[in-house]
Amino acid sequence: MAGKIIGYGSYLPSKKLSNEDLSHMVETNNEWIVERTGIESRNISDPNVETTSYMASEAAIKAIENAGIDAKEIDLIIVATTTPNYVFPSMSCIVQRETGAINSACFDLNSACPGFVTAFNTAQAYINAGQYETILVVGSECLSNYTDWKDRGTCILFGDGAGAIVLKKNEKVECDFIMRASGKRGDCLHCESAMQDVEQTDAFKESIYMRMKGQEVFKFAVTEVPKVIEDLLAKIGKEAKEIDLYVLHQANKRIIESVSKRLKVDILKFPMNIQNTGNTSSASIPVLLDELRKKGELKEGMKLVLSSFGGGLSWGATYIEL
Ligand code: UT7
């Protein structure tokens, strides 16, 4: 028994930031960004309107509509985010208010970029335990608030957006997962403070931006992601070729290509939208799932592996049947 995905939704801000735009902000150029990352443009939110909770709610409303259910049927909402616009209430309580899912329990979860996959696994565990039956899982991020627009090592990578899915208890589908973390390597990718409107020292100002040792994160990803997927396939007794689609965190095209090579699986089984979205952290997988659904590329009975990695360091892989 597991949760079957019965609805998909996403929200991307309309404002686009191109590589050309970035080349006027830092010393970079379109060729370098495309060659090293695969990114051509990303979406940047209007900070006064498109907050993390707003984007989460918009994606959630679409997912509930796509599921064709009454929001009152939802009994749990989990929002994965590292960039909440409030300390509290939780983003999930705001999503509950905006969707009318008045019968749901609510909590947020932060495990950086793998946040959506972690929330998805948490929801599956609740369904498997018989605790909840209909769960809304959302990944929403406003990374532009934490981007140092003078740091070319990070500002070219990230974008804003949100994605959501609805899970419903189903006797026929299967799901399994592995989650891992390495706290001692946390300094590779971190953001120390939430933004506050107070008089700021230089040290405080430094602490509000994302900082990343790009090469270390790259090496970690190309080593650990294929390994966790291989371990998951062994756990469920399936071969790599039996999986229809590998929906990976959209962080860098070269990372995805490397995972495809290592698993000896055709790159066509690794859908990508990173060229248009950049890295949207915990929103990247649900946004991509919604795009695939809209293009008619998700079919009943398909076998999917979702896998993500990022701050923590943390990473994981999930097997799900549609
Ligand atoms: O959600 C998880 C989050 N993070 C990631 O997944 C990031 C993983 N890492 C990466 O994607 C890559 O490491 C980056 C895309 C961030 C960087 O690519 P790289 O191939 O590892 O480049 P590098 O850091 O080794 O830098 C190569 C050169 C350096 O110049 P020198 O020392 O060779 O002269 C950099 O200073 O490229 C320079 N450089 C740039 N040049 C133009 C670094 N950033 C830029 C830039 N534009 N934006």
# chains A, B, ... in the order shown; residues from 1 in each chain; ligands from 1
call {"tool": "residues_around", "arguments": {"residues": "stretch 141-158 of chain A", "least_positions_apart": "5", "cutoff": "8 Å", "atoms": "only C-alpha atoms", "output": "PyMOL selection string"}}
result
chain A and resi 19+22+25-28+33+37+39+42+44-45+47+51-52+81-84+191+195+208-212+214+251+278-283
call {"tool": "write_last_selection", "arguments": {"atoms": "N, CA and C atoms", "output": "JSON list (two decimals), in the first residue's frame"}}
result
[["chain", "number", "residue", "atom", "x", "y", "z"],
["A", 19, "ASN", "N", 20.62, 34.59, -18.87],
["A", 19, "ASN", "CA", 22.07, 34.62, -18.68],
["A", 19, "ASN", "C", 22.64, 35.96, -19.14],
["A", 22, "LEU", "N", 22.27, 38.40, -16.44],
["A", 22, "LEU", "CA", 23.27, 38.18, -15.39],
["A", 22, "LEU", "C", 24.64, 38.69, -15.79],
["A", 25, "MET", "N", 25.38, 41.90, -14.49],
["A", 25, "MET", "CA", 25.42, 42.02, -13.03],
["A", 25, "MET", "C", 26.72, 41.50, -12.44],
["A", 26, "VAL", "N", 27.26, 40.41, -13.03],
["A", 26, "VAL", "CA", 28.55, 39.84, -12.57],
["A", 26, "VAL", "C", 29.37, 39.47, -13.80],
["A", 27, "GLU", "N", 30.65, 39.15, -13.57],
["A", 27, "GLU", "CA", 31.51, 38.79, -14.70],
["A", 27, "GLU", "C", 31.22, 37.35, -15.12],
["A", 28, "THR", "N", 30.31, 37.20, -16.05],
["A", 28, "THR", "CA", 29.96, 35.88, -16.56],
["A", 28, "THR", "C", 29.45, 36.04, -17.98],
["A", 33, "ILE", "N", 27.73, 29.72, -18.63],
["A", 33, "ILE", "CA", 26.63, 29.21, -17.81],
["A", 33, "ILE", "C", 25.99, 27.99, -18.48],
["A", 37, "THR", "N", 26.36, 24.43, -16.69],
["A", 37, "THR", "CA", 25.16, 24.10, -15.89],
["A", 37, "THR", "C", 23.96, 23.65, -16.71],
["A", 39, "ILE", "N", 21.82, 25.80, -17.74],
["A", 39, "ILE", "CA", 20.76, 26.81, -17.46],
["A", 39, "ILE", "C", 20.81, 27.96, -18.48],
["A", 42, "ARG", "N", 16.01, 31.67, -15.62],
["A", 42, "ARG", "CA", 15.34, 31.25, -14.39],
["A", 42, "ARG", "C", 14.25, 32.26, -14.08],
["A", 44, "ILE", "N", 12.24, 34.71, -11.40],
["A", 44, "ILE", "CA", 12.51, 35.43, -10.15],
["A", 44, "ILE", "C", 11.22, 36.07, -9.67],
["A", 45, "SER", "N", 10.90, 35.85, -8.39],
["A", 45, "SER", "CA", 9.61, 36.32, -7.89],
["A", 45, "SER", "C", 9.59, 37.82, -7.61],
["A", 47, "PRO", "N", 9.08, 40.20, -4.94],
["A", 47, "PRO", "CA", 9.15, 39.95, -3.50],
["A", 47, "PRO", "C", 7.94, 40.44, -2.71],
["A", 51, "THR", "N", 5.53, 35.52, -2.63],
["A", 51, "THR", "CA", 6.27, 34.97, -1.49],
["A", 51, "THR", "C", 6.24, 33.45, -1.57],
["A", 52, "THR", "N", 7.01, 32.80, -0.71],
["A", 52, "THR", "CA", 7.03, 31.33, -0.68],
["A", 52, "THR", "C", 5.64, 30.77, -0.40],
["A", 81, "THR", "N", 10.34, 23.57, 2.47],
["A", 81, "THR", "CA", 10.97, 24.84, 2.06],
["A", 81, "THR", "C", 12.16, 25.14, 2.95],
["A", 82, "THR", "N", 13.14, 25.85, 2.38],
["A", 82, "THR", "CA", 14.24, 26.40, 3.18],
["A", 82, "THR", "C", 14.11, 27.91, 3.27],
["A", 83, "THR", "N", 13.10, 28.44, 2.57],
["A", 83, "THR", "CA", 12.99, 29.90, 2.48],
["A", 83, "THR", "C", 11.58, 30.39, 2.84],
["A", 84, "PRO", "N", 11.09, 30.02, 4.03],
["A", 84, "PRO", "CA", 9.73, 30.45, 4.40],
["A", 84, "PRO", "C", 9.68, 31.97, 4.57],
["A", 191, "CYS", "N", 23.40, 28.53, 4.46],
["A", 191, "CYS", "CA", 22.89, 29.89, 4.59],
["A", 191, "CYS", "C", 22.58, 30.03, 6.08],
["A", 195, "MET", "N", 16.62, 36.34, 6.73],
["A", 195, "MET", "CA", 16.67, 37.78, 6.51],
["A", 195, "MET", "C", 15.89, 38.52, 7.61],
["A", 208, "ILE", "N", 23.46, 36.08, 5.70],
["A", 208, "ILE", "CA", 22.12, 35.92, 5.13],
["A", 208, "ILE", "C", 22.14, 35.38, 3.70],
["A", 209, "TYR", "N", 23.32, 35.21, 3.14],
["A", 209, "TYR", "CA", 23.40, 34.69, 1.76],
["A", 209, "TYR", "C", 23.77, 33.22, 1.71],
["A", 210, "MET", "N", 23.33, 32.56, 0.65],
["A", 210, "MET", "CA", 23.76, 31.19, 0.40],
["A", 210, "MET", "C", 25.24, 31.21, 0.05],
["A", 211, "ARG", "N", 25.99, 30.28, 0.61],
["A", 211, "ARG", "CA", 27.39, 30.13, 0.23],
["A", 211, "ARG", "C", 27.63, 28.69, -0.17],
["A", 212, "MET", "N", 28.45, 28.50, -1.19],
["A", 212, "MET", "CA", 28.60, 27.13, -1.70],
["A", 212, "MET", "C", 30.02, 26.88, -2.20],
["A", 214, "GLY", "N", 31.22, 25.01, -4.83],
["A", 214, "GLY", "CA", 30.58, 24.39, -5.99],
["A", 214, "GLY", "C", 31.16, 23.03, -6.37],
["A", 251, "ALA", "N", 19.69, 20.56, -10.69],
["A", 251, "ALA", "CA", 20.73, 21.44, -10.13],
["A", 251, "ALA", "C", 21.79, 21.77, -11.17],
["A", 278, "GLY", "N", 16.40, 26.96, -13.87],
["A", 278, "GLY", "CA", 17.52, 26.95, -12.93],
["A", 278, "GLY", "C", 17.23, 25.98, -11.81],
["A", 279, "ASN", "N", 17.98, 26.11, -10.73],
["A", 279, "ASN", "CA", 17.81, 25.24, -9.57],
["A", 279, "ASN", "C", 16.80, 25.87, -8.61],
["A", 280, "THR", "N", 15.63, 25.27, -8.48],
["A", 280, "THR", "CA", 14.61, 25.82, -7.59],
["A", 280, "THR", "C", 14.52, 25.01, -6.29],
["A", 281, "SER", "N", 15.62, 24.35, -5.92],
["A", 281, "SER", "CA", 15.72, 23.63, -4.65],
["A", 281, "SER", "C", 14.55, 22.66, -4.48],
["A", 282, "SER", "N", 13.82, 22.75, -3.37],
["A", 282, "SER", "CA", 12.79, 21.73, -3.11],
["A", 282, "SER", "C", 11.60, 21.82, -4.07],
["A", 283, "ALA", "N", 11.55, 22.86, -4.90],
["A", 283, "ALA", "CA", 10.45, 22.93, -5.87],
["A", 283, "ALA", "C", 10.79, 22.21, -7.17]]
call {"tool": "select_by_dssp", "arguments": {"residues": "stretch 6-197 of chain A", "states": "strand (DSSP E or B)", "output": "PyMOL selection string"}}
result
chain A and resi 6-11+16-18+41-43+76-80+105-109+134-141+158+161-170+175-181+189-190
call {"tool": "closest_residue", "arguments": {"among": "A:Val247, A:Met91, A:Ile74, A:Val117", "to": "A:Trp315", "atoms": "only C-alpha atoms"}}
result
A:Val117
call {"tool": "atom_distance", "arguments": {"atom1": "atom CA of A:Ile229", "atom2": "atom CA of A:Ile77"}}
result
26.9 Å
call {"tool": "residues_around", "arguments": {"residues": "A:Phe218", "least_positions_apart": "5", "cutoff": "10 Å", "atoms": "only C-alpha atoms", "output": "ChimeraX atom specification"}}
result
/A:213,223,251-252,254-255,310
call {"tool": "write_last_selection", "arguments": {"atoms": "C-alpha atoms", "output": "mmCIF file, in the first residue's frame"}}
result
data_model
loop_
_atom_site.group_PDB
_atom_site.id
_atom_site.type_symbol
_atom_site.label_atom_id
_atom_site.label_comp_id
_atom_site.auth_asym_id
_atom_site.auth_seq_id
_atom_site.Cartn_x
_atom_site.Cartn_y
_atom_site.Cartn_z
ATOM 1 C CA LYS A 213 31.778 25.229 -2.493
ATOM 2 C CA THR A 223 29.199 10.131 -6.308
ATOM 3 C CA ALA A 251 20.730 21.435 -10.134
ATOM 4 C CA ASN A 252 23.132 20.982 -13.035
ATOM 5 C CA ARG A 254 26.210 17.785 -16.111
ATOM 6 C CA ILE A 255 25.274 16.113 -12.803
ATOM 7 C CA GLY A 310 21.763 19.318 -1.462
#
call {"tool": "select_by_dssp", "arguments": {"residues": "stretch 91-169 of chain A", "states": "helix (DSSP H, G or I)", "output": "list in words"}}
result
Met91, Ser92, Cys93, Ile94, Val95, Gln96, Arg97, Glu98, Thr99, Gly115, Phe116, Val117, Thr118, Ala119, Phe120, Asn121, Thr122, Ala123, Gln124, Ala125, Tyr126, Ile127, Asn128, Leu143, Ser144, Asn145 and Tyr146 of chain A
call {"tool": "closest_residue", "arguments": {"among": "A:Asn110, A:Ser10, A:Ser18, A:Asn30", "to": "A:Leu288", "atoms": "only C-alpha atoms"}}
result
A:Ser10
call {"tool": "closest_atom_pairs", "arguments": {"of": "stretch 220-273 of chain A", "to": "stretch 167-187 of chain A", "cutoff": "9 Å", "atoms": "only C-alpha atoms", "output": "JSON lines"}}
result
{"residue": "A:Val228", "atom": "CA", "partner": "A:Ile178", "partner_atom": "CA", "distance": 7.1}
{"residue": "A:Ile229", "atom": "CA", "partner": "A:Ile178", "partner_atom": "CA", "distance": 8.5}
{"residue": "A:Asp231", "atom": "CA", "partner": "A:Ile178", "partner_atom": "CA", "distance": 8.1}
{"residue": "A:Leu232", "atom": "CA", "partner": "A:Ile178", "partner_atom": "CA", "distance": 6.4}
{"residue": "A:Lys235", "atom": "CA", "partner": "A:Asp176", "partner_atom": "CA", "distance": 8.5}
{"residue": "A:Ile236", "atom": "CA", "partner": "A:Asp176", "partner_atom": "CA", "distance": 7.4}
call {"tool": "write_last_selection", "arguments": {"atoms": "N, CA and C atoms", "output": "PDB file, in the first residue's frame"}}
result
ATOM      1  N   VAL A 228      22.975   5.954  -4.270  1.00  0.00           N
ATOM      2  CA  VAL A 228      21.712   5.778  -3.528  1.00  0.00           C
ATOM      3  C   VAL A 228      20.629   5.193  -4.454  1.00  0.00           C
ATOM      4  N   ILE A 229      20.686   5.556  -5.741  1.00  0.00           N
ATOM      5  CA  ILE A 229      19.707   4.978  -6.684  1.00  0.00           C
ATOM      6  C   ILE A 229      19.987   3.485  -6.852  1.00  0.00           C
ATOM      7  N   ASP A 231      21.409   1.518  -4.715  1.00  0.00           N
ATOM      8  CA  ASP A 231      21.020   0.834  -3.465  1.00  0.00           C
ATOM      9  C   ASP A 231      19.493   0.688  -3.381  1.00  0.00           C
ATOM     10  N   LEU A 232      18.764   1.700  -3.851  1.00  0.00           N
ATOM     11  CA  LEU A 232      17.299   1.630  -3.838  1.00  0.00           C
ATOM     12  C   LEU A 232      16.814   0.529  -4.796  1.00  0.00           C
ATOM     13  N   LYS A 235      17.291  -2.692  -3.236  1.00  0.00           N
ATOM     14  CA  LYS A 235      16.310  -2.877  -2.145  1.00  0.00           C
ATOM     15  C   LYS A 235      14.953  -3.339  -2.683  1.00  0.00           C
ATOM     16  N   ILE A 236      14.542  -2.801  -3.844  1.00  0.00           N
ATOM     17  CA  ILE A 236      13.211  -3.164  -4.369  1.00  0.00           C
ATOM     18  C   ILE A 236      13.301  -4.302  -5.399  1.00  0.00           C
TER      19      ILE A 236
END
call {"tool": "decode", "arguments": {"residues": "stretch 128-160 of chain A", "atoms": "N, CA, C and O atoms", "output": "short mmCIF file (atom, residue, chain, number, x, y, z; two decimals), in the first residue's frame"}}
result
data_model
loop_
_atom_site.label_atom_id
_atom_site.label_comp_id
_atom_site.auth_asym_id
_atom_site.auth_seq_id
_atom_site.Cartn_x
_atom_site.Cartn_y
_atom_site.Cartn_z
N ASN A 128 1.29 4.66 4.79
CA ASN A 128 1.61 3.26 5.05
C ASN A 128 1.26 2.86 6.48
O ASN A 128 0.84 1.72 6.73
N ALA A 129 1.39 3.81 7.41
CA ALA A 129 1.07 3.52 8.82
C ALA A 129 -0.43 3.58 9.08
O ALA A 129 -0.89 3.33 10.21
N GLY A 130 -1.20 3.98 8.09
CA GLY A 130 -2.66 4.07 8.26
C GLY A 130 -3.10 5.34 8.98
O GLY A 130 -4.24 5.46 9.42
N GLN A 131 -2.19 6.31 9.08
CA GLN A 131 -2.49 7.53 9.85
C GLN A 131 -3.30 8.54 9.03
O GLN A 131 -4.21 9.17 9.56
N TYR A 132 -2.93 8.72 7.76
CA TYR A 132 -3.63 9.66 6.87
C TYR A 132 -3.87 9.01 5.52
O TYR A 132 -3.14 8.09 5.13
N GLU A 133 -4.87 9.52 4.77
CA GLU A 133 -5.21 8.92 3.47
C GLU A 133 -4.98 9.84 2.28
O GLU A 133 -4.68 9.39 1.19
N THR A 134 -5.17 11.14 2.50
CA THR A 134 -5.06 12.09 1.38
C THR A 134 -4.13 13.23 1.81
O THR A 134 -4.46 13.99 2.73
N ILE A 135 -2.99 13.31 1.17
CA ILE A 135 -1.96 14.24 1.63
C ILE A 135 -1.51 15.16 0.49
O ILE A 135 -1.26 14.70 -0.62
N LEU A 136 -1.42 16.44 0.83
CA LEU A 136 -0.90 17.45 -0.12
C LEU A 136 0.57 17.69 0.22
O LEU A 136 0.89 18.03 1.36
N VAL A 137 1.44 17.48 -0.76
CA VAL A 137 2.88 17.69 -0.54
C VAL A 137 3.35 18.81 -1.48
O VAL A 137 3.12 18.75 -2.69
N VAL A 138 3.99 19.82 -0.90
CA VAL A 138 4.39 21.00 -1.68
C VAL A 138 5.87 21.28 -1.48
O VAL A 138 6.40 21.11 -0.38
N GLY A 139 6.55 21.71 -2.55
CA GLY A 139 7.91 22.25 -2.43
C GLY A 139 7.86 23.68 -2.95
O GLY A 139 7.40 23.91 -4.07
N SER A 140 8.29 24.64 -2.13
CA SER A 140 8.20 26.04 -2.57
C SER A 140 9.43 26.81 -2.09
O SER A 140 9.84 26.68 -0.94
N GLU A 141 10.01 27.58 -2.99
CA GLU A 141 11.25 28.30 -2.62
C GLU A 141 11.32 29.69 -3.24
O GLU A 141 11.00 29.86 -4.42
N CYS A 142 11.77 30.64 -2.43
CA CYS A 142 12.07 31.98 -2.92
C CYS A 142 13.56 32.22 -2.67
O CYS A 142 13.94 32.97 -1.77
N LEU A 143 14.39 31.52 -3.45
CA LEU A 143 15.84 31.56 -3.21
C LEU A 143 16.44 32.92 -3.54
O LEU A 143 17.50 33.26 -3.03
N SER A 144 15.74 33.69 -4.39
CA SER A 144 16.30 35.00 -4.77
C SER A 144 16.48 35.91 -3.55
O SER A 144 17.33 36.80 -3.57
N ASN A 145 15.71 35.65 -2.48
CA ASN A 145 15.87 36.45 -1.25
C ASN A 145 17.19 36.17 -0.55
O ASN A 145 17.62 36.95 0.30
N TYR A 146 17.80 35.03 -0.84
CA TYR A 146 19.03 34.61 -0.14
C TYR A 146 20.23 34.54 -1.08
O TYR A 146 21.25 33.96 -0.75
N THR A 147 20.06 35.11 -2.27
CA THR A 147 21.13 35.08 -3.27
C THR A 147 21.97 36.34 -3.18
O THR A 147 21.43 37.45 -3.13
N ASP A 148 23.28 36.16 -3.16
CA ASP A 148 24.19 37.29 -3.23
C ASP A 148 24.40 37.58 -4.71
O ASP A 148 25.11 36.83 -5.41
N TRP A 149 23.79 38.65 -5.19
CA TRP A 149 23.82 38.93 -6.63
C TRP A 149 25.18 39.43 -7.09
O TRP A 149 25.35 39.80 -8.25
N LYS A 150 26.16 39.42 -6.16
CA LYS A 150 27.54 39.77 -6.56
C LYS A 150 28.40 38.52 -6.63
O LYS A 150 29.59 38.60 -6.97
N ASP A 151 27.83 37.36 -6.25
CA ASP A 151 28.61 36.11 -6.21
C ASP A 151 28.29 35.27 -7.45
O ASP A 151 27.26 34.59 -7.51
N ARG A 152 29.19 35.29 -8.44
CA ARG A 152 28.89 34.60 -9.70
C ARG A 152 28.89 33.07 -9.55
O ARG A 152 28.37 32.36 -10.40
N GLY A 153 29.47 32.59 -8.45
CA GLY A 153 29.49 31.14 -8.21
C GLY A 153 28.13 30.58 -7.82
O GLY A 153 27.88 29.39 -7.95
N THR A 154 27.23 31.46 -7.32
CA THR A 154 25.90 30.98 -6.93
C THR A 154 24.75 31.68 -7.68
O THR A 154 23.75 31.04 -7.99
N CYS A 155 24.89 32.98 -7.97
CA CYS A 155 23.72 33.72 -8.46
C CYS A 155 23.24 33.25 -9.83
O CYS A 155 22.09 33.49 -10.20
N ILE A 156 24.10 32.56 -10.56
CA ILE A 156 23.71 32.07 -11.89
C ILE A 156 22.85 30.80 -11.81
O ILE A 156 22.23 30.40 -12.78
N LEU A 157 22.85 30.18 -10.61
CA LEU A 157 22.27 28.83 -10.52
C LEU A 157 20.79 28.79 -10.15
O LEU A 157 20.07 27.91 -10.60
N PHE A 158 20.37 29.71 -9.27
CA PHE A 158 19.09 29.49 -8.59
C PHE A 158 17.92 30.27 -9.17
O PHE A 158 18.09 31.32 -9.78
N GLY A 159 16.71 29.72 -8.95
CA GLY A 159 15.48 30.38 -9.39
C GLY A 159 14.38 30.13 -8.35
O GLY A 159 14.56 29.35 -7.42
N ASP A 160 13.24 30.80 -8.54
CA ASP A 160 12.12 30.69 -7.60
C ASP A 160 10.98 29.88 -8.22
O ASP A 160 10.82 29.84 -9.44
#
